[in-house]
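Before any comments, here is the structure.
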Amino acid sequence: MTYQFEFSSLLPYWREFLDGVWLTLQLSAISTVLGFTGGALCAIARADGPPWLKRVVGAYVEVIRNTPLLVQVFLVYFGIAVLGIRVDANLAAVLALVVNVVAYTCEIMRAGIESVHKAQVEAAECLGLNRRQTYWHVILRPAIERVYPALVSQYVLLMLASSITSQISAEELTAVANRIQSDTFRSFETYIVVGLLYLALSFVVRWAFWGFGMLVFTRRRKLGTAL
């Protein structure tokens, strides 16, 4: 039996594919910003917080990193419903992705923070920098630069993992593909197209992060050299 590819039946759905791509990028962008912020705060808590806070954050990180994302998505989505709060599936998807990526970002950032030599912190204190200034100029910024490639990889994985939110009817790319293949009965062709779209998105997201990194870290090095 010879399979006959027929991609032409998917052409009428090109707008729906683009809508799925756009929502995937939106979910990823919002989750990345919130996840990085929350992860950085958790990393600071684990590295320099009181013992009780370190234990709480550590327990949260271990629970999230050792349970499937799909289960976390279901817990967030149905947990909110149990509390009597009605939320859009897309909002629940963002919350679930943020809960997940904060834990991974925390560990990546903690590694970056711990890589900063204590002598640099002591030098900052000798120069009269307060705790906030020391953390921002001496600890966090160099730490972010050191772990930036790992963060980029994590956020690209986040973008790909957003496909799991199709299970709660978030209308991202995979959910759109599921609906299209049920309409056209061309499952193989549909998921080939979706796979290529995700591949393209991965390159676009990596390129965007690369450009952002070059802009921020190159300028920082130039400023440091000038000083």
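Ordered as shown in the structure tokens, chains take letters A, B, and onward, while each chain numbers its residues from 1 and ligands are numbered from 1 in the order shown.
Residues within 7 Å of Ile113 (chain A), counting only C-alpha atoms and excluding same-chain residues fewer than 3 positions away, are Met109, Arg110, Val116, Ile139, Leu140 and Ala143 of chain A.
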Export N, CA and C atoms of the chosen residues as a short mmCIF file (atom, residue, chain, number, x, y, z; two decimals), in the first residue's frame?
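Done, and the output landed in result.cif:
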```
data_model
loop_
_atom_site.label_atom_id
_atom_site.label_comp_id
_atom_site.auth_asym_id
_atom_site.auth_seq_id
_atom_site.Cartn_x
_atom_site.Cartn_y
_atom_site.Cartn_z
N MET A 109 19.20 29.56 38.04
CA MET A 109 19.68 30.82 38.61
C MET A 109 20.49 30.59 39.89
N ARG A 110 20.09 29.61 40.68
CA ARG A 110 20.83 29.32 41.91
C ARG A 110 22.27 28.90 41.57
N VAL A 116 29.25 32.94 41.60
CA VAL A 116 29.89 34.23 41.89
C VAL A 116 30.77 34.07 43.12
N ILE A 139 26.09 40.25 41.91
CA ILE A 139 25.67 38.84 41.94
C ILE A 139 24.75 38.49 40.78
N LEU A 140 23.60 39.18 40.69
CA LEU A 140 22.57 38.76 39.73
C LEU A 140 22.99 38.95 38.27
N ALA A 143 25.59 36.51 37.24
CA ALA A 143 25.00 35.16 37.30
C ALA A 143 24.12 34.90 36.10
#
```
As number ranges by chain, please: every residue in region 47-118 of chain A that a backbone DSSP assignment puts in alpha helix (DSSP H). A: 47-48, 51-65, 69-82, 89-114, 118
List as a PyMOL selection string the protein and nucleic acid residues near region 168-173 of chain A, meaning an atom at most 6 Å away when only C-alpha atoms are counted, but skip any in the same chain fewer than 5 places from it. chain A and resi 20-21+23-24+89-90
Mind dumping the selected residues with N, CA and C atoms as a PDB file, in the first residue's frame?
```pdb
ATOM      1  N   GLY A  20      -2.798  29.642  15.875  1.00  0.00           N
ATOM      2  CA  GLY A  20      -2.187  28.738  16.847  1.00  0.00           C
ATOM      3  C   GLY A  20      -0.749  29.112  17.146  1.00  0.00           C
ATOM      4  N   VAL A  21      -0.012  29.491  16.110  1.00  0.00           N
ATOM      5  CA  VAL A  21       1.378  29.925  16.299  1.00  0.00           C
ATOM      6  C   VAL A  21       1.424  31.180  17.171  1.00  0.00           C
ATOM      7  N   LEU A  23      -0.787  32.301  19.388  1.00  0.00           N
ATOM      8  CA  LEU A  23      -1.127  32.030  20.781  1.00  0.00           C
ATOM      9  C   LEU A  23      -0.008  31.267  21.483  1.00  0.00           C
ATOM     10  N   THR A  24       0.653  30.360  20.773  1.00  0.00           N
ATOM     11  CA  THR A  24       1.799  29.646  21.351  1.00  0.00           C
ATOM     12  C   THR A  24       2.884  30.626  21.757  1.00  0.00           C
ATOM     13  N   ALA A  89      -9.251  28.946  29.695  1.00  0.00           N
ATOM     14  CA  ALA A  89      -8.258  27.873  29.556  1.00  0.00           C
ATOM     15  C   ALA A  89      -6.873  28.438  29.266  1.00  0.00           C
ATOM     16  N   ASN A  90      -6.815  29.530  28.519  1.00  0.00           N
ATOM     17  CA  ASN A  90      -5.510  30.129  28.206  1.00  0.00           C
ATOM     18  C   ASN A  90      -4.840  30.690  29.462  1.00  0.00           C
TER      19      ASN A  90
END
```
Show me, as an MDAnalysis selection string, the residues that have an atom within 8 Å of Leu95 (chain A) when counting only C-alpha atoms, minus same-chain residues fewer than 4 positions from it. chainID A and resid 31 76 91 99
